[in-house]
Amino acid sequence: MLFKPIMWIKKDPEKAQVFWPSDELKEKAWLNDETIYKEAAKDPVAFWAKLAREGIEWFKEWDETYRWEPPYYKWFVNGKLNISYNALDRHVKTWRRNKAAIIWVPEPPDEKERVLTYFDLYREVNKFANVLRSLGVKKGDRVGIYLPMIPEVQIAMLACARIGAIHSVVFSAFSGKSLKERMMDAEAKVLVTVDGYYRRGKQVNLKAEADKGVEGTSIQKVVVVQRMGIDVNMVEGRDNWWHELMKNADDYCKPEVIDSEDILYLLYTSGTTGKPKGVEHHTGGYAVQAYWTAKWDFDLHDEDVFWCTADIGWVTGHTYGCYGPLLVGATMLEYEGAPNYPQEDRWWSIVENCGVTVFYTAPTAIRMFMQWGEEWPKKHNLNSLRILGTVGEPINEEAWLWYSHKIGGGRCPVIDTWWQTETGGTLINSLPGIGPFIPTVAGRSFPGTQHEILDESGNPMSVGEGGYLVQKGPFAPGMLRNVWRNPARYKEYFSVYGEKYYYTSDGARKWDALGNIRLTGRVDDVMKVAGHRLSTAELENAITSHEAVVECAVVAAPHDIKGEVPVAFVTLKKEIESSDKLIKDLIKHVDVTIGPTARPDKIVFTSELPKTRSGKIMRRILKSLVRNQPIGDTTTLMNPESVRRLREEVGYEE
Ligand code: WTA
């Protein structure tokens with residue numbers, strides 16, 4: 001063990017262990033002096049201006065670093081840049097030209113890896129940018145990307161950025177219907193998709209799903225990557241093969257001069273309503289935060305091999321599976337398939353074979369590996385690893401320690417990064433060369449940012465107390481700038497505690513006087529299921545749209561591996577009998593409407609849902625039921641007997 005627990009904190013009944021960086025970690029780290037926090041806090045705007053100059057090459061410097069016009073804010077006003085230029089051209093001019101940018105590992109173990117150097121990636125991106133132009137895509141147009149984990153996804157994203165088109169990536173496990181909803185909202189002109197891909201040894205025919213998503217939308221052209229060589233339906237005049245278009249494309253496309261506040265991408269995410277929102281990230285600020293968080297959180301050096309296991313369809317994939325590592329000129333690993341294909345050691349065999357040094361995943365994956373047993377990682381030499389990261393949900397102490405010891409060999413700290421689709425990049429975490437690393441405590445606010453924990457009336461909490469997490473301005477440069485065509489939803493983030501605070505919807509506890517923060521989970525009706533963000537309202541809409549259903553309420557129940565899972569309480573039409581077949585039907589219906597990641601873990605049929613006198617479903621009661629917690633006061637209920645009945649019907653205990 002290179003780093004040891006040096007003290008026990010008694011402020012918490014659970015007595016967390018506190019770890020500090022080893023000398024080796026400290027010596028190597030970009031940051032190893034904690035005065036950075038104080039320095040940055042003196043003048044956060046000047047701090048970010050300095051980082052923006054050092055990290056990004058601007059075509060023209062900004063006139064004003066930060067402008068706050070509540071509830072809006074701008075960074076690097078009138079600054080001009082191109083993020084694809086920063087991720088590619090910049091490196092191609094240096095020795096990094098022939099450095100591996102992406103090591104791609106296909107799922108079938110007998111298929112060869114593909115390595116794209118920075119120069120390879122540069123050429124592909126230039127060519128595809130020209131292809132997009134030839135299809136009529138202009139600056140500001142929206143391009144849908146519905147691709148699995150293959151390098152064409154990064155190529156397509158960077159090609160959009162090169163010409164100033166706005167990409168909107170949709171998770172490939174979402175259904176065609178979900179794709180369509182997002183494409184309609186974004187009014188996309190072109191969609192990039194694939195014939196199919198491998199998932200746990202099976203072929204997934206994504207093109208068929210994509211076709212459902214394109215029909216009836218504004219999409220005029222579809223570009224199809226040939227990954228599998230399977231037979232797919234190609235619509236004459238609309239659908240084109242990627243490889244055919246690329247054959248004749250010129251390999252240089254001059255990067256468009258982009259304003260710092262031009263939109264880089266939209267990413268749809270779940271909120272508390274039934275409709276996903278298109279979170280807008282703008283170019284300049286996002287580039288700066290992606291660059292510095294990638295570099296400092298994961299201490300990326302030129303010799304590192306960085307693997308972020310998140311799918312590109314989520315924000316983690318955008319920032320740490322594409323922009324961040326490429327901006328800093330790192331080598332990153334991309335894996336197409338399932339963690340347990342062909343066996344439960346696939347990830348560890350990749351770490352060993354490719355010499356991964358920095359590894360970033362979700363707590364849910366760690367708990368899954370814990371359950372599969374330590375014999376799987378033990379089969380492999382994981383000595384290349386030096387830093388581990390997690391994201392997406394709170395990590396329990398047991399998983400943290402297992403990860404650090406069984407995967408990290410006791411050498412590797414776990415960087416527990418808290419952030420959101422809305423924040424664009426990480427915001428609360430410890431830094432590898434500074435520490436401390438405290439299981440279940442994410443860490444301090446990233447230098448130059450400030451978070452507070454408030455009670456319901458807006459009073460700041462003291463050490464040891466829990467409340468609601470907010471970010472205080474100046475808001476981090478990578479934060480959302482709007483919700484696509486829905487400013488009212490954007491304004492909600494700045495309405496709970498007034499315009500000075502961005503409201504996160506997360507509960508948190510102030511850990512110590514250093515500023516360390518423990519996150520305790522969402523306080524709204526958004527769930528984190530195996531790290532995936534899901535809205536109960538979307539799921540309820542999906543289930544109630546089934547012809548047999550009258551009413552439905554979805555709540556999150558705790559789950560040992562996935563963190564949380566949806567449980568659906570469903571009332572059926574009078575004439576309809578509940579049955580196993582109906583359960584299967586409803587699950588299928590959710591697959592088709594949203595996608596398999598949203599499948600309820602349990603469907604409970606009930607004759608009546610607990611309601612208030614005004615007819616509102618009391619989710620609080622259902623939440624207590626699935627947690628086996630005391631129900632509390634039921635006097636405000638219109639139908640208190642429904643609770644007793646639910647207990648009897650469902651078998652939940654108090
Ligand atoms: C949760 C993922 C605890 C949190 C990048 C947040 C976390 C939501 C952590 C955003 C963490 C993310 N510890 N909770 N380290 N990281 N969360 O938009 O509830 O998919 O609000 O972004 O994930 O999920 P999203």
# chains A, B, ... in the order shown; residues from 1 in each chain; ligands from 1
call {"tool": "residues_around", "arguments": {"residues": "range 435-444 of chain A", "least_positions_apart": "4", "cutoff": "8 Å", "atoms": "only C-alpha atoms", "output": "compact mmCIF listing (two decimals) with N, CA and C atoms, in the first residue's frame"}}
result
# COMPACT_ATOMS: atom_id res chain seq x y z
N ALA A 16 -15.71 7.39 8.57
CA ALA A 16 -15.06 7.16 7.28
C ALA A 16 -13.54 7.17 7.42
N GLN A 17 -12.91 6.38 6.59
CA GLN A 17 -11.45 6.40 6.56
C GLN A 17 -11.01 7.53 5.63
N VAL A 18 -9.88 8.09 5.93
CA VAL A 18 -9.38 9.17 5.10
C VAL A 18 -8.02 8.76 4.53
N PHE A 19 -7.88 8.86 3.23
CA PHE A 19 -6.63 8.50 2.58
C PHE A 19 -5.99 9.75 1.96
N TRP A 20 -4.67 9.71 1.88
CA TRP A 20 -3.96 10.83 1.26
C TRP A 20 -3.09 10.29 0.13
N PRO A 21 -2.73 11.15 -0.83
CA PRO A 21 -1.94 10.66 -1.97
C PRO A 21 -0.56 10.16 -1.55
N PRO A 394 -24.05 8.02 -5.94
CA PRO A 394 -23.20 7.90 -4.75
C PRO A 394 -22.55 6.52 -4.69
N ILE A 395 -21.33 6.47 -4.23
CA ILE A 395 -20.66 5.18 -4.09
C ILE A 395 -20.62 4.80 -2.61
N ASN A 396 -20.97 3.56 -2.32
CA ASN A 396 -20.94 3.10 -0.93
C ASN A 396 -19.49 2.76 -0.54
N GLU A 397 -19.23 2.79 0.75
CA GLU A 397 -17.87 2.61 1.23
C GLU A 397 -17.26 1.26 0.81
N TRP A 400 -16.22 1.34 -2.77
CA TRP A 400 -15.05 2.24 -2.90
C TRP A 400 -13.77 1.48 -2.51
N LEU A 401 -13.83 0.81 -1.35
CA LEU A 401 -12.65 0.12 -0.85
C LEU A 401 -12.29 -1.09 -1.72
N PRO A 413 -6.00 5.87 -5.85
CA PRO A 413 -7.10 6.56 -5.19
C PRO A 413 -8.34 6.45 -6.05
N VAL A 414 -9.50 6.58 -5.43
CA VAL A 414 -10.74 6.63 -6.19
C VAL A 414 -11.18 8.09 -6.24
N ILE A 415 -11.22 8.63 -7.45
CA ILE A 415 -11.68 10.00 -7.64
C ILE A 415 -13.18 9.93 -7.91
N ASP A 416 -13.95 10.29 -6.89
CA ASP A 416 -15.41 10.19 -6.95
C ASP A 416 -15.91 11.54 -7.46
N THR A 417 -16.29 11.59 -8.73
CA THR A 417 -16.62 12.87 -9.36
C THR A 417 -18.12 13.12 -9.37
N TRP A 418 -18.53 14.19 -8.75
CA TRP A 418 -19.95 14.57 -8.81
C TRP A 418 -20.15 15.61 -9.91
N ILE A 428 -17.38 18.44 -8.37
CA ILE A 428 -16.98 18.17 -6.99
C ILE A 428 -16.24 16.84 -6.94
N ASN A 429 -14.98 16.89 -6.61
CA ASN A 429 -14.19 15.67 -6.48
C ASN A 429 -12.83 16.01 -5.87
N SER A 430 -12.18 15.00 -5.33
CA SER A 430 -10.81 15.23 -4.85
C SER A 430 -9.87 15.19 -6.05
N LEU A 431 -8.70 15.76 -5.89
CA LEU A 431 -7.72 15.76 -6.99
C LEU A 431 -6.58 14.79 -6.63
N TRP A 511 -19.23 17.94 4.84
CA TRP A 511 -18.47 16.92 5.55
C TRP A 511 -17.51 17.49 6.59
N LEU A 514 -12.87 21.73 5.59
CA LEU A 514 -12.07 21.87 4.37
C LEU A 514 -12.95 22.17 3.16
N GLY A 515 -14.21 21.79 3.26
CA GLY A 515 -15.12 21.98 2.12
C GLY A 515 -15.47 20.69 1.43
N ASN A 516 -15.13 19.55 2.04
CA ASN A 516 -15.51 18.28 1.44
C ASN A 516 -17.02 18.06 1.55
N ILE A 517 -17.56 17.43 0.51
CA ILE A 517 -19.01 17.27 0.41
C ILE A 517 -19.37 15.81 0.15
N ARG A 518 -20.35 15.33 0.89
CA ARG A 518 -20.90 14.00 0.60
C ARG A 518 -22.24 14.17 -0.10
N LEU A 519 -22.40 13.48 -1.22
CA LEU A 519 -23.66 13.56 -1.96
C LEU A 519 -24.57 12.45 -1.48
call {"tool": "closest_atom_pairs", "arguments": {"of": "chain A", "to": "ligand 1", "cutoff": "9 Å", "atoms": "only C-alpha atoms and all ligand atoms", "output": "tab-separated table"}}
result
residue	atom	partner	partner_atom_place_in_ligand_line	distance
A:Thr269	CA	ligand 1	18 (O)	6.7
A:Ser270	CA	ligand 1	18 (O)	7.9
A:Trp314	CA	ligand 1	20 (O)	6.5
A:Val315	CA	ligand 1	5 (C)	6.0
A:Thr316	CA	ligand 1	5 (C)	5.4
A:Ala362	CA	ligand 1	15 (N)	8.6
A:Pro363	CA	ligand 1	15 (N)	8.7
A:Thr390	CA	ligand 1	15 (N)	6.3
A:Val391	CA	ligand 1	16 (N)	4.4
A:Gly392	CA	ligand 1	12 (C)	3.5
A:Glu393	CA	ligand 1	14 (N)	3.5
A:Pro394	CA	ligand 1	3 (C)	3.4
A:Ile395	CA	ligand 1	13 (N)	6.4
A:Ile415	CA	ligand 1	15 (N)	8.5
A:Asp416	CA	ligand 1	15 (N)	4.9
A:Thr417	CA	ligand 1	15 (N)	4.2
A:Trp418	CA	ligand 1	15 (N)	3.5
A:Trp419	CA	ligand 1	5 (C)	4.8
A:Gln420	CA	ligand 1	22 (O)	3.4
A:Thr421	CA	ligand 1	18 (O)	3.7
A:Glu422	CA	ligand 1	18 (O)	6.4
A:Thr423	CA	ligand 1	22 (O)	8.2
A:Gly424	CA	ligand 1	5 (C)	8.1
A:Gly425	CA	ligand 1	5 (C)	7.6
A:Thr426	CA	ligand 1	5 (C)	7.4
A:Ile428	CA	ligand 1	15 (N)	7.7
A:Asn429	CA	ligand 1	15 (N)	7.6
A:Thr440	CA	ligand 1	13 (N)	7.9
A:Val441	CA	ligand 1	13 (N)	8.0
A:Ala442	CA	ligand 1	15 (N)	5.9
A:Thr504	CA	ligand 1	21 (O)	6.2
A:Ser505	CA	ligand 1	21 (O)	6.3
A:Asp506	CA	ligand 1	21 (O)	5.4
A:Gly507	CA	ligand 1	19 (O)	8.0
A:Ala508	CA	ligand 1	3 (C)	8.9
A:Arg518	CA	ligand 1	13 (N)	7.7
A:Leu519	CA	ligand 1	3 (C)	4.9
A:Thr520	CA	ligand 1	3 (C)	6.4
A:Gly521	CA	ligand 1	19 (O)	4.8
A:Arg522	CA	ligand 1	19 (O)	4.6
A:Val523	CA	ligand 1	19 (O)	8.2
A:Val526	CA	ligand 1	19 (O)	8.1
A:Met527	CA	ligand 1	19 (O)	7.9
A:Lys528	CA	ligand 1	23 (O)	6.4
A:Gly531	CA	ligand 1	20 (O)	6.8
A:His532	CA	ligand 1	20 (O)	5.8
A:Arg533	CA	ligand 1	20 (O)	4.7
A:Leu534	CA	ligand 1	20 (O)	8.4
call {"tool": "residues_around", "arguments": {"residues": "range 217-234 of chain A", "least_positions_apart": "2", "cutoff": "10 Å", "atoms": "only C-alpha atoms", "output": "VMD selection string"}}
result
chain A and resid 131 to 132 135 to 137 142 to 147 150 152 to 153 180 to 198 203 to 208 210 to 215 236 to 245
call {"tool": "select_by_dssp", "arguments": {"residues": "range 112-152 of chain A", "states": "helix (DSSP H, G or I)", "output": "list in words"}}
result
Tyr118, Phe119, Asp120, Leu121, Tyr122, Arg123, Glu124, Val125, Asn126, Lys127, Phe128, Ala129, Asn130, Val131, Leu132, Arg133, Ser134, Pro151 and Glu152 of chain A
call {"tool": "closest_residue", "arguments": {"among": "A:Ile434, A:Val463, A:Ile561, A:Ala294", "to": "Glu24 in chain A", "atoms": "only C-alpha atoms"}}
result
A:Ile434
call {"tool": "residues_around", "arguments": {"residues": "Met618 in chain A", "least_positions_apart": "6", "cutoff": "10 Å", "atoms": "only C-alpha atoms", "output": "list of chain:residue names"}}
result
A:Ala553, A:Leu609, A:Pro610, A:Lys611, A:Thr612, A:Thr634, A:Thr636, A:Leu637
call {"tool": "write_last_selection", "arguments": {"atoms": "N, CA, C and O atoms", "output": "PDB file, in the first residue's frame"}}
result
ATOM      1  N   ALA A 553     -48.028   4.919 -11.076  1.00  0.00           N
ATOM      2  CA  ALA A 553     -47.066   5.748 -10.344  1.00  0.00           C
ATOM      3  C   ALA A 553     -45.767   4.963 -10.241  1.00  0.00           C
ATOM      4  O   ALA A 553     -45.777   3.779  -9.915  1.00  0.00           O
ATOM      5  N   LEU A 609     -54.553   3.703  -6.005  1.00  0.00           N
ATOM      6  CA  LEU A 609     -53.307   4.328  -5.546  1.00  0.00           C
ATOM      7  C   LEU A 609     -53.626   5.333  -4.445  1.00  0.00           C
ATOM      8  O   LEU A 609     -54.683   5.973  -4.492  1.00  0.00           O
ATOM      9  N   PRO A 610     -52.743   5.484  -3.466  1.00  0.00           N
ATOM     10  CA  PRO A 610     -53.029   6.459  -2.407  1.00  0.00           C
ATOM     11  C   PRO A 610     -53.021   7.884  -2.960  1.00  0.00           C
ATOM     12  O   PRO A 610     -52.095   8.273  -3.676  1.00  0.00           O
ATOM     13  N   LYS A 611     -54.070   8.631  -2.644  1.00  0.00           N
ATOM     14  CA  LYS A 611     -54.205   9.988  -3.206  1.00  0.00           C
ATOM     15  C   LYS A 611     -54.577  11.012  -2.156  1.00  0.00           C
ATOM     16  O   LYS A 611     -55.229  10.683  -1.166  1.00  0.00           O
ATOM     17  N   THR A 612     -54.194  12.247  -2.439  1.00  0.00           N
ATOM     18  CA  THR A 612     -54.607  13.338  -1.560  1.00  0.00           C
ATOM     19  C   THR A 612     -56.045  13.708  -1.909  1.00  0.00           C
ATOM     20  O   THR A 612     -56.573  13.254  -2.927  1.00  0.00           O
ATOM     21  N   THR A 634     -51.000   9.677   7.370  1.00  0.00           N
ATOM     22  CA  THR A 634     -51.866   9.400   6.213  1.00  0.00           C
ATOM     23  C   THR A 634     -53.182  10.172   6.323  1.00  0.00           C
ATOM     24  O   THR A 634     -54.111   9.923   5.566  1.00  0.00           O
ATOM     25  N   THR A 636     -53.931  13.106   5.486  1.00  0.00           N
ATOM     26  CA  THR A 636     -54.292  13.952   4.341  1.00  0.00           C
ATOM     27  C   THR A 636     -54.772  13.116   3.154  1.00  0.00           C
ATOM     28  O   THR A 636     -55.115  13.654   2.113  1.00  0.00           O
ATOM     29  N   LEU A 637     -54.770  11.817   3.319  1.00  0.00           N
ATOM     30  CA  LEU A 637     -55.174  10.960   2.200  1.00  0.00           C
ATOM     31  C   LEU A 637     -56.691  10.929   2.027  1.00  0.00           C
ATOM     32  O   LEU A 637     -57.437  10.937   3.010  1.00  0.00           O
TER      33      LEU A 637
END
call {"tool": "decode", "arguments": {"residues": "range 192-297 of chain A", "atoms": "C-alpha atoms", "output": "PDB file, in the first residue's frame"}}
result
ATOM      1  CA  VAL A 192     -25.755   9.434 -38.550  1.00  0.00           C
ATOM      2  CA  THR A 193     -26.346   5.812 -37.588  1.00  0.00           C
ATOM      3  CA  VAL A 194     -25.030   2.289 -38.147  1.00  0.00           C
ATOM      4  CA  ASP A 195     -26.234  -0.955 -39.713  1.00  0.00           C
ATOM      5  CA  GLY A 196     -25.748  -2.822 -36.453  1.00  0.00           C
ATOM      6  CA  TYR A 197     -23.353  -3.612 -33.634  1.00  0.00           C
ATOM      7  CA  TYR A 198     -22.471  -6.299 -31.146  1.00  0.00           C
ATOM      8  CA  ARG A 199     -23.865  -6.463 -27.656  1.00  0.00           C
ATOM      9  CA  ARG A 200     -23.098  -9.491 -25.512  1.00  0.00           C
ATOM     10  CA  GLY A 201     -22.380 -11.543 -28.600  1.00  0.00           C
ATOM     11  CA  LYS A 202     -25.654 -10.660 -30.273  1.00  0.00           C
ATOM     12  CA  GLN A 203     -26.184  -8.503 -33.315  1.00  0.00           C
ATOM     13  CA  VAL A 204     -28.270  -5.422 -32.701  1.00  0.00           C
ATOM     14  CA  ASN A 205     -29.875  -4.113 -35.870  1.00  0.00           C
ATOM     15  CA  LEU A 206     -29.834  -0.403 -35.091  1.00  0.00           C
ATOM     16  CA  LYS A 207     -30.762   0.764 -38.578  1.00  0.00           C
ATOM     17  CA  ALA A 208     -34.258  -0.715 -38.208  1.00  0.00           C
ATOM     18  CA  GLU A 209     -34.686   1.266 -34.983  1.00  0.00           C
ATOM     19  CA  ALA A 210     -33.230   4.394 -36.624  1.00  0.00           C
ATOM     20  CA  ASP A 211     -35.786   4.143 -39.434  1.00  0.00           C
ATOM     21  CA  LYS A 212     -38.580   4.395 -36.866  1.00  0.00           C
ATOM     22  CA  GLY A 213     -36.902   7.471 -35.435  1.00  0.00           C
ATOM     23  CA  VAL A 214     -36.545   9.272 -38.774  1.00  0.00           C
ATOM     24  CA  GLU A 215     -40.031   8.796 -40.140  1.00  0.00           C
ATOM     25  CA  GLY A 216     -42.118  11.922 -39.989  1.00  0.00           C
ATOM     26  CA  THR A 217     -39.258  14.150 -38.806  1.00  0.00           C
ATOM     27  CA  SER A 218     -37.325  16.913 -40.532  1.00  0.00           C
ATOM     28  CA  ILE A 219     -34.402  14.560 -41.234  1.00  0.00           C
ATOM     29  CA  GLN A 220     -33.538  14.706 -44.915  1.00  0.00           C
ATOM     30  CA  LYS A 221     -30.440  12.539 -45.076  1.00  0.00           C
ATOM     31  CA  VAL A 222     -29.252   9.502 -43.171  1.00  0.00           C
ATOM     32  CA  VAL A 223     -25.638   8.354 -43.148  1.00  0.00           C
ATOM     33  CA  VAL A 224     -25.143   4.697 -42.262  1.00  0.00           C
ATOM     34  CA  VAL A 225     -21.854   3.317 -40.970  1.00  0.00           C
ATOM     35  CA  GLN A 226     -21.210  -0.247 -42.071  1.00  0.00           C
ATOM     36  CA  ARG A 227     -20.079  -2.013 -38.934  1.00  0.00           C
ATOM     37  CA  MET A 228     -21.589  -5.470 -39.404  1.00  0.00           C
ATOM     38  CA  GLY A 229     -22.186  -5.814 -43.122  1.00  0.00           C
ATOM     39  CA  ILE A 230     -25.720  -7.014 -42.431  1.00  0.00           C
ATOM     40  CA  ASP A 231     -28.613  -6.509 -44.772  1.00  0.00           C
ATOM     41  CA  VAL A 232     -30.439  -3.302 -44.007  1.00  0.00           C
ATOM     42  CA  ASN A 233     -33.154  -1.310 -45.643  1.00  0.00           C
ATOM     43  CA  MET A 234     -31.662   1.706 -47.452  1.00  0.00           C
ATOM     44  CA  VAL A 235     -34.132   4.356 -48.532  1.00  0.00           C
ATOM     45  CA  GLU A 236     -33.292   5.667 -51.981  1.00  0.00           C
ATOM     46  CA  GLY A 237     -32.432   9.367 -51.974  1.00  0.00           C
ATOM     47  CA  ARG A 238     -32.375   9.558 -48.182  1.00  0.00           C
ATOM     48  CA  ASP A 239     -29.913   6.931 -46.934  1.00  0.00           C
ATOM     49  CA  ASN A 240     -26.221   6.834 -47.800  1.00  0.00           C
ATOM     50  CA  TRP A 241     -23.386   4.577 -46.754  1.00  0.00           C
ATOM     51  CA  TRP A 242     -20.714   6.328 -44.712  1.00  0.00           C
ATOM     52  CA  HIS A 243     -17.863   4.573 -46.538  1.00  0.00           C
ATOM     53  CA  GLU A 244     -19.164   5.544 -49.939  1.00  0.00           C
ATOM     54  CA  LEU A 245     -19.499   9.193 -49.048  1.00  0.00           C
ATOM     55  CA  MET A 246     -16.063   9.180 -47.425  1.00  0.00           C
ATOM     56  CA  LYS A 247     -14.354   7.680 -50.470  1.00  0.00           C
ATOM     57  CA  ASN A 248     -14.421  10.885 -52.428  1.00  0.00           C
ATOM     58  CA  ALA A 249     -14.360  13.379 -49.594  1.00  0.00           C
ATOM     59  CA  ASP A 250     -11.521  15.870 -49.476  1.00  0.00           C
ATOM     60  CA  ASP A 251      -9.264  15.347 -46.466  1.00  0.00           C
ATOM     61  CA  TYR A 252      -9.091  18.956 -45.391  1.00  0.00           C
ATOM     62  CA  CYS A 253     -11.968  21.091 -44.191  1.00  0.00           C
ATOM     63  CA  LYS A 254     -11.117  24.513 -42.870  1.00  0.00           C
ATOM     64  CA  PRO A 255     -12.447  24.792 -39.325  1.00  0.00           C
ATOM     65  CA  GLU A 256     -15.271  27.260 -39.008  1.00  0.00           C
ATOM     66  CA  VAL A 257     -14.625  30.225 -36.717  1.00  0.00           C
ATOM     67  CA  ILE A 258     -17.004  29.612 -33.833  1.00  0.00           C
ATOM     68  CA  ASP A 259     -18.102  32.104 -31.223  1.00  0.00           C
ATOM     69  CA  SER A 260     -17.466  31.110 -27.637  1.00  0.00           C
ATOM     70  CA  GLU A 261     -21.206  31.204 -26.990  1.00  0.00           C
ATOM     71  CA  ASP A 262     -22.272  29.295 -30.125  1.00  0.00           C
ATOM     72  CA  ILE A 263     -23.959  25.993 -29.284  1.00  0.00           C
ATOM     73  CA  LEU A 264     -21.662  22.983 -29.468  1.00  0.00           C
ATOM     74  CA  TYR A 265     -24.239  20.341 -28.677  1.00  0.00           C
ATOM     75  CA  LEU A 266     -27.610  19.428 -27.290  1.00  0.00           C
ATOM     76  CA  LEU A 267     -27.934  16.473 -25.014  1.00  0.00           C
ATOM     77  CA  TYR A 268     -31.383  15.360 -23.970  1.00  0.00           C
ATOM     78  CA  THR A 269     -31.774  14.418 -20.352  1.00  0.00           C
ATOM     79  CA  SER A 270     -34.569  13.560 -17.965  1.00  0.00           C
ATOM     80  CA  GLY A 271     -36.140  16.005 -15.603  1.00  0.00           C
ATOM     81  CA  THR A 272     -39.235  15.785 -13.492  1.00  0.00           C
ATOM     82  CA  THR A 273     -41.667  16.157 -16.378  1.00  0.00           C
ATOM     83  CA  GLY A 274     -42.492  13.515 -18.953  1.00  0.00           C
ATOM     84  CA  LYS A 275     -40.522  15.229 -21.687  1.00  0.00           C
ATOM     85  CA  PRO A 276     -36.721  15.089 -21.881  1.00  0.00           C
ATOM     86  CA  LYS A 277     -34.986  18.458 -22.115  1.00  0.00           C
ATOM     87  CA  GLY A 278     -32.309  19.444 -24.596  1.00  0.00           C
ATOM     88  CA  VAL A 279     -29.497  20.718 -22.424  1.00  0.00           C
ATOM     89  CA  GLU A 280     -27.436  23.262 -24.365  1.00  0.00           C
ATOM     90  CA  HIS A 281     -23.682  23.395 -24.057  1.00  0.00           C
ATOM     91  CA  HIS A 282     -21.832  26.241 -25.680  1.00  0.00           C
ATOM     92  CA  THR A 283     -18.375  25.987 -27.171  1.00  0.00           C
ATOM     93  CA  GLY A 284     -15.834  28.129 -25.328  1.00  0.00           C
ATOM     94  CA  GLY A 285     -16.687  27.557 -21.693  1.00  0.00           C
ATOM     95  CA  TYR A 286     -17.329  23.872 -22.250  1.00  0.00           C
ATOM     96  CA  ALA A 287     -13.970  23.420 -23.977  1.00  0.00           C
ATOM     97  CA  VAL A 288     -12.159  25.064 -21.070  1.00  0.00           C
ATOM     98  CA  GLN A 289     -13.886  23.009 -18.392  1.00  0.00           C
ATOM     99  CA  ALA A 290     -13.544  19.770 -20.376  1.00  0.00           C
ATOM    100  CA  TYR A 291      -9.823  20.397 -20.866  1.00  0.00           C
ATOM    101  CA  TRP A 292      -8.943  21.224 -17.266  1.00  0.00           C
ATOM    102  CA  THR A 293     -11.169  18.738 -15.520  1.00  0.00           C
ATOM    103  CA  ALA A 294      -9.858  15.926 -17.755  1.00  0.00           C
ATOM    104  CA  LYS A 295      -6.292  16.968 -17.097  1.00  0.00           C
ATOM    105  CA  TRP A 296      -6.491  17.610 -13.364  1.00  0.00           C
ATOM    106  CA  ASP A 297      -9.087  15.115 -12.134  1.00  0.00           C
TER     107      ASP A 297
END
